[in-house]
Amino acid sequence: MNETAIPARRPPKLVVGNWKMFGTRRSSAEVRTLVRLLGLKRPHCEVVICPPAVLLPPFRQINRGSRLKLGGQDCHPLTQGAHTGDISAEMLKDAGAGYVIVGHSERREAYRETDQMVAQKAQAALRAGLHPIVCIGETAEQNEAGHTLDVLTRQLERSLPDLLDATEHAAFTIAYEPVWAIGTGRIPSPAQIEEIHGEIRRALQKRLGLQAAKSRVIYGGSVKASNARAILNLAEVDGALVGGASLKATDFAAIVYSIN
Ligand code: PGA
């Protein structure tokens with residue numbers, strides 16, 4: 001690795017809870033517990049939960065002044081318009097979000113979201129002043145065929161917006177989520193994660209130069225309290241995107257505090 005090309009300081013690690021389509025206002029109790037736990041001891045990372053968008057306003061009342069930040073799970077590329085059912089990045093920001101996940105494999109699959117659409121959504125996030133968390137990841141078939149790095153390189157090239165190249169201070173995060181690891185309990189070995197994250201970082205440096213140092217490469221897919229320590233303390237892993245294990249405050253906090 002070329003040490004001179006990499007500024008010494010990377011941003012703090014980032015642990016994001018993706019609640020997916022779970023939760024109601026009753027889940028406020030979990031958020032209160034999480035805020036209380038995060039208040040007890042400073043974690044060695046930033047902590048975000050991305051609940052369903054309708055829960056941002058009530059959760060915003062709870063996280064105010066705390067270490068917990070909020071994010072959305074998706075956004076439309078445009079600011080507003082005749083797009084029934086969609087939510088813009090500006091609307092998420094207005095409702096209390098500071099981050100937004102784009103290009104999650106569940107959306108790429110269920111709504112046929114292409115890399116180009118993901119790039120437009122990430123661009124919208126930057127326009128609105130949100131921090132985009134751009135998901136990439138290979139399927140089981142692609143993995144078994146030995147195409148993982150090709151797939152990731154292609155997704156990375158096409159899913160990042162031009163605005164990133166143009167905006168010097170834009171902060172963003174790449175979430176590497178092998179599709180076969182999401183919700184399955186199967187995860188790549190720490191050595192495999194380290195290798196793939198290293199490749200992703202090299203690709204980012206190639207495209208963005210020194211600015212790549214402002215980005216994070218986080219891992220997602222079956223992260224739990226029991227495996228978090230081994231994954232989150234790897235040198236190339238800048239945090240985690242956590243699905244199922246983020247719904248319970250005590251489980252999620254255990255993941256957050258597994259970072260040394
Ligand atoms: P999981 O989901 O932690 O439940 O595997 C991760 C994700 O889909 O972001």
# chains A, B, ... in the order shown; residues from 1 in each chain; ligands from 1
>>> residues_near_ligand(ligand="ligand 1", cutoff="9 Å", atoms="only C-alpha atoms and all ligand atoms", output="ChimeraX atom specification")
/A:16-20,104-106,135,175,177,179-186,219-224,240-246
>>> write_last_selection(atoms="C-alpha atoms", output="PDB file, in the first residue's frame")
ATOM      1  CA  VAL A  16     -25.912   1.551  11.191  1.00  0.00           C
ATOM      2  CA  GLY A  17     -29.107  -0.291  12.118  1.00  0.00           C
ATOM      3  CA  ASN A  18     -31.351  -1.021   9.143  1.00  0.00           C
ATOM      4  CA  TRP A  19     -34.783  -1.669  10.616  1.00  0.00           C
ATOM      5  CA  LYS A  20     -36.253  -2.563   7.199  1.00  0.00           C
ATOM      6  CA  HIS A 104     -29.832  -2.158  -0.689  1.00  0.00           C
ATOM      7  CA  SER A 105     -29.945  -5.555  -2.385  1.00  0.00           C
ATOM      8  CA  GLU A 106     -33.564  -6.027  -1.304  1.00  0.00           C
ATOM      9  CA  CYS A 135     -24.810  -0.814  -0.767  1.00  0.00           C
ATOM     10  CA  ALA A 175     -21.676  -0.949   2.595  1.00  0.00           C
ATOM     11  CA  GLU A 177     -23.181  -6.699   1.826  1.00  0.00           C
ATOM     12  CA  VAL A 179     -26.404 -10.921  -0.731  1.00  0.00           C
ATOM     13  CA  TRP A 180     -25.946 -14.511   0.457  1.00  0.00           C
ATOM     14  CA  ALA A 181     -24.994 -13.278   3.938  1.00  0.00           C
ATOM     15  CA  ILE A 182     -28.069 -11.107   4.524  1.00  0.00           C
ATOM     16  CA  GLY A 183     -30.412 -12.676   7.054  1.00  0.00           C
ATOM     17  CA  THR A 184     -28.856 -16.108   6.601  1.00  0.00           C
ATOM     18  CA  GLY A 185     -26.361 -16.399   9.451  1.00  0.00           C
ATOM     19  CA  ARG A 186     -23.642 -17.133   6.873  1.00  0.00           C
ATOM     20  CA  TYR A 219     -19.656  -4.628   6.266  1.00  0.00           C
ATOM     21  CA  GLY A 220     -23.240  -5.914   6.329  1.00  0.00           C
ATOM     22  CA  GLY A 221     -24.827  -9.368   6.415  1.00  0.00           C
ATOM     23  CA  SER A 222     -25.638 -11.394   9.553  1.00  0.00           C
ATOM     24  CA  VAL A 223     -23.669  -9.166  11.928  1.00  0.00           C
ATOM     25  CA  LYS A 224     -24.622 -10.076  15.501  1.00  0.00           C
ATOM     26  CA  ALA A 240     -21.291  -2.374  10.044  1.00  0.00           C
ATOM     27  CA  LEU A 241     -24.749  -2.277   8.518  1.00  0.00           C
ATOM     28  CA  VAL A 242     -26.900  -4.380  10.815  1.00  0.00           C
ATOM     29  CA  GLY A 243     -30.375  -5.704   9.980  1.00  0.00           C
ATOM     30  CA  GLY A 244     -32.098  -8.133  12.328  1.00  0.00           C
ATOM     31  CA  ALA A 245     -29.806  -7.544  15.302  1.00  0.00           C
ATOM     32  CA  SER A 246     -30.478  -3.790  15.253  1.00  0.00           C
TER      33      SER A 246
END
>>> select_by_dssp(residues="stretch 12-237 of chain A", states="helix (DSSP H, G or I)", output="PyMOL selection string")
chain A and resi 25-40+53-63+89-94+105-110+115-128+140-144+148-159+162-166+179-181+190-214+225-232
>>> closest_residue(among="A:Asn233, A:Thr24, A:Asn260, A:Gln155", to="A:Ile218", atoms="only C-alpha atoms")
A:Asn233
>>> residues_around(residues="A:Tyr99", least_positions_apart="3", cutoff="10 Å", atoms="only C-alpha atoms", output="list in words")
Val16, Val48, Ile49, Cys50, Lys69, Leu70, Gly71, Gly72, Gln73, Asp74, Ala89, Leu92, Lys93, Gly96, Val102, Ala125, Leu126, Gly129, Leu130, His131, Pro132, Ile133, Phe172 and Thr173 of chain A
>>> write_last_selection(atoms="N, CA and C atoms", output="mmCIF file, in the first residue's frame")
data_model
loop_
_atom_site.group_PDB
_atom_site.id
_atom_site.type_symbol
_atom_site.label_atom_id
_atom_site.label_comp_id
_atom_site.auth_asym_id
_atom_site.auth_seq_id
_atom_site.Cartn_x
_atom_site.Cartn_y
_atom_site.Cartn_z
ATOM 1 N N VAL A 16 -24.589 1.135 11.653
ATOM 2 C CA VAL A 16 -25.912 1.551 11.191
ATOM 3 C C VAL A 16 -26.901 0.404 11.384
ATOM 4 N N VAL A 48 -26.117 5.004 14.097
ATOM 5 C CA VAL A 48 -27.285 5.470 13.334
ATOM 6 C C VAL A 48 -28.322 4.358 13.304
ATOM 7 N N ILE A 49 -29.591 4.708 13.433
ATOM 8 C CA ILE A 49 -30.629 3.730 13.066
ATOM 9 C C ILE A 49 -31.469 4.304 11.930
ATOM 10 N N CYS A 50 -31.848 3.404 11.013
ATOM 11 C CA CYS A 50 -32.675 3.775 9.860
ATOM 12 C C CYS A 50 -34.008 3.051 10.002
ATOM 13 N N LYS A 69 -27.991 8.878 15.919
ATOM 14 C CA LYS A 69 -28.431 9.629 14.756
ATOM 15 C C LYS A 69 -29.430 8.792 13.950
ATOM 16 N N LEU A 70 -30.159 9.471 13.057
ATOM 17 C CA LEU A 70 -31.214 8.790 12.303
ATOM 18 C C LEU A 70 -30.951 8.830 10.807
ATOM 19 N N GLY A 71 -31.469 7.825 10.114
ATOM 20 C CA GLY A 71 -31.328 7.787 8.663
ATOM 21 C C GLY A 71 -32.560 7.193 8.007
ATOM 22 N N GLY A 72 -32.650 7.358 6.680
ATOM 23 C CA GLY A 72 -33.712 6.733 5.898
ATOM 24 C C GLY A 72 -33.195 5.463 5.234
ATOM 25 N N GLN A 73 -34.107 4.702 4.638
ATOM 26 C CA GLN A 73 -33.728 3.416 4.024
ATOM 27 C C GLN A 73 -33.653 3.471 2.507
ATOM 28 N N ASP A 74 -34.126 4.586 1.932
ATOM 29 C CA ASP A 74 -34.168 4.743 0.474
ATOM 30 C C ASP A 74 -34.631 6.165 0.199
ATOM 31 N N ALA A 89 -35.023 12.770 -0.698
ATOM 32 C CA ALA A 89 -33.941 12.942 0.280
ATOM 33 C C ALA A 89 -34.206 14.186 1.133
ATOM 34 N N LEU A 92 -36.646 13.357 3.843
ATOM 35 C CA LEU A 92 -36.016 12.599 4.932
ATOM 36 C C LEU A 92 -35.237 13.537 5.846
ATOM 37 N N LYS A 93 -34.523 14.445 5.211
ATOM 38 C CA LYS A 93 -33.729 15.416 5.980
ATOM 39 C C LYS A 93 -34.657 16.252 6.866
ATOM 40 N N GLY A 96 -35.743 14.541 9.985
ATOM 41 C CA GLY A 96 -34.776 14.249 11.051
ATOM 42 C C GLY A 96 -33.628 13.338 10.651
ATOM 43 N N VAL A 102 -28.880 3.667 0.270
ATOM 44 C CA VAL A 102 -29.361 3.523 -1.114
ATOM 45 C C VAL A 102 -28.778 2.243 -1.725
ATOM 46 N N ALA A 125 -29.087 12.290 -2.296
ATOM 47 C CA ALA A 125 -28.728 12.361 -0.875
ATOM 48 C C ALA A 125 -27.711 13.474 -0.644
ATOM 49 N N LEU A 126 -26.683 13.521 -1.488
ATOM 50 C CA LEU A 126 -25.649 14.561 -1.339
ATOM 51 C C LEU A 126 -26.253 15.948 -1.553
ATOM 52 N N GLY A 129 -27.914 17.114 1.456
ATOM 53 C CA GLY A 129 -27.075 17.216 2.647
ATOM 54 C C GLY A 129 -27.153 15.984 3.536
ATOM 55 N N LEU A 130 -27.565 14.866 2.947
ATOM 56 C CA LEU A 130 -27.567 13.599 3.693
ATOM 57 C C LEU A 130 -26.295 12.821 3.360
ATOM 58 N N HIS A 131 -25.896 11.965 4.255
ATOM 59 C CA HIS A 131 -24.725 11.110 4.056
ATOM 60 C C HIS A 131 -25.213 9.800 3.424
ATOM 61 N N PRO A 132 -24.874 9.538 2.146
ATOM 62 C CA PRO A 132 -25.360 8.301 1.525
ATOM 63 C C PRO A 132 -24.570 7.064 1.968
ATOM 64 N N ILE A 133 -25.303 5.998 2.211
ATOM 65 C CA ILE A 133 -24.696 4.693 2.494
ATOM 66 C C ILE A 133 -25.049 3.816 1.298
ATOM 67 N N PHE A 172 -19.264 9.938 2.370
ATOM 68 C CA PHE A 172 -20.190 8.867 2.032
ATOM 69 C C PHE A 172 -19.630 7.544 2.552
ATOM 70 N N THR A 173 -20.486 6.540 2.506
ATOM 71 C CA THR A 173 -20.104 5.222 3.009
ATOM 72 C C THR A 173 -20.491 4.168 1.985
#
>>> select_by_dssp(residues="stretch 8-222 of chain A", states="strand (DSSP E or B)", output="PyMOL selection string")
chain A and resi 13-18+45-50+68-72+76+88+99-102+131-136+173-176+216-220
>>> atom_distance(atom1="atom CA of A:Ala53", atom2="atom CA of A:Ala95")
8.1 Å
>>> closest_residue(among="A:Val256, A:Met117, A:Ala203, A:Ala122", to="A:Ala171", atoms="only C-alpha atoms")
A:Ala122
>>> closest_residue(among="A:Pro190, A:Gly198, A:Gly239, A:Pro161", to="A:Arg216", atoms="only C-alpha atoms")
A:Gly239
>>> atom_distance(atom1="atom CA of A:Glu194", atom2="atom CA of A:Lys13")
15.0 Å
>>> atom_distance(atom1="atom CA of A:Ile259", atom2="atom CA of A:Ser66")
19.2 Å
>>> closest_residue(among="A:Ile62, A:Leu210, A:Ala170, A:Val15", to="A:His44", atoms="only C-alpha atoms")
A:Val15
>>> residues_around(residues="A:Lys121", least_positions_apart="6", cutoff="10 Å", atoms="only C-alpha atoms", output="PDB file with N, CA and C atoms, in the first residue's frame")
ATOM      1  N   ASP A  74     -34.126   4.586   1.932  1.00  0.00           N
ATOM      2  CA  ASP A  74     -34.168   4.743   0.474  1.00  0.00           C
ATOM      3  C   ASP A  74     -34.631   6.165   0.199  1.00  0.00           C
ATOM      4  N   CYS A  75     -34.354   6.685  -0.978  1.00  0.00           N
ATOM      5  CA  CYS A  75     -34.931   7.985  -1.356  1.00  0.00           C
ATOM      6  C   CYS A  75     -35.119   8.023  -2.862  1.00  0.00           C
ATOM      7  N   HIS A  76     -36.003   8.899  -3.305  1.00  0.00           N
ATOM      8  CA  HIS A  76     -36.223   9.118  -4.739  1.00  0.00           C
ATOM      9  C   HIS A  76     -35.149  10.088  -5.239  1.00  0.00           C
ATOM     10  N   PRO A  77     -34.753   9.969  -6.513  1.00  0.00           N
ATOM     11  CA  PRO A  77     -33.726  10.897  -7.034  1.00  0.00           C
ATOM     12  C   PRO A  77     -34.176  12.360  -7.056  1.00  0.00           C
ATOM     13  N   LEU A  78     -35.477  12.608  -7.206  1.00  0.00           N
ATOM     14  CA  LEU A  78     -35.943  13.995  -7.363  1.00  0.00           C
ATOM     15  C   LEU A  78     -36.336  14.611  -6.018  1.00  0.00           C
ATOM     16  N   SER A  88     -38.526  11.855  -0.944  1.00  0.00           N
ATOM     17  CA  SER A  88     -37.282  12.460  -1.432  1.00  0.00           C
ATOM     18  C   SER A  88     -36.262  12.581  -0.302  1.00  0.00           C
ATOM     19  N   ALA A  89     -35.023  12.770  -0.698  1.00  0.00           N
ATOM     20  CA  ALA A  89     -33.941  12.942   0.280  1.00  0.00           C
ATOM     21  C   ALA A  89     -34.206  14.186   1.133  1.00  0.00           C
ATOM     22  N   VAL A 100     -28.800   8.254   4.594  1.00  0.00           N
ATOM     23  CA  VAL A 100     -29.790   7.432   3.888  1.00  0.00           C
ATOM     24  C   VAL A 100     -29.085   6.248   3.222  1.00  0.00           C
ATOM     25  N   ILE A 101     -29.696   5.080   3.365  1.00  0.00           N
ATOM     26  CA  ILE A 101     -29.203   3.877   2.682  1.00  0.00           C
ATOM     27  C   ILE A 101     -29.724   3.918   1.250  1.00  0.00           C
ATOM     28  N   VAL A 102     -28.880   3.667   0.270  1.00  0.00           N
ATOM     29  CA  VAL A 102     -29.361   3.523  -1.114  1.00  0.00           C
ATOM     30  C   VAL A 102     -28.778   2.243  -1.725  1.00  0.00           C
ATOM     31  N   GLY A 103     -29.562   1.634  -2.601  1.00  0.00           N
ATOM     32  CA  GLY A 103     -29.074   0.460  -3.318  1.00  0.00           C
ATOM     33  C   GLY A 103     -29.000  -0.813  -2.501  1.00  0.00           C
ATOM     34  N   ASP A 115     -27.757   0.043 -11.038  1.00  0.00           N
ATOM     35  CA  ASP A 115     -26.657   0.851 -10.509  1.00  0.00           C
ATOM     36  C   ASP A 115     -26.875   2.330 -10.826  1.00  0.00           C
ATOM     37  N   ARG A 127     -27.138  16.047  -2.539  1.00  0.00           N
ATOM     38  CA  ARG A 127     -27.800  17.327  -2.827  1.00  0.00           C
ATOM     39  C   ARG A 127     -28.563  17.829  -1.591  1.00  0.00           C
ATOM     40  N   PRO A 132     -24.874   9.538   2.146  1.00  0.00           N
ATOM     41  CA  PRO A 132     -25.360   8.301   1.525  1.00  0.00           C
ATOM     42  C   PRO A 132     -24.570   7.064   1.968  1.00  0.00           C
ATOM     43  N   VAL A 134     -24.076   3.622   0.410  1.00  0.00           N
ATOM     44  CA  VAL A 134     -24.327   2.963  -0.870  1.00  0.00           C
ATOM     45  C   VAL A 134     -23.996   1.473  -0.744  1.00  0.00           C
ATOM     46  N   SER A 159     -22.463   2.868  -9.330  1.00  0.00           N
ATOM     47  CA  SER A 159     -23.424   3.285  -8.302  1.00  0.00           C
ATOM     48  C   SER A 159     -23.012   4.555  -7.586  1.00  0.00           C
ATOM     49  N   LEU A 160     -21.803   5.044  -7.881  1.00  0.00           N
ATOM     50  CA  LEU A 160     -21.371   6.283  -7.228  1.00  0.00           C
ATOM     51  C   LEU A 160     -21.667   7.468  -8.133  1.00  0.00           C
ATOM     52  N   PRO A 161     -22.246   8.523  -7.587  1.00  0.00           N
ATOM     53  CA  PRO A 161     -22.644   9.661  -8.424  1.00  0.00           C
ATOM     54  C   PRO A 161     -21.474  10.544  -8.820  1.00  0.00           C
TER      55      PRO A 161
END
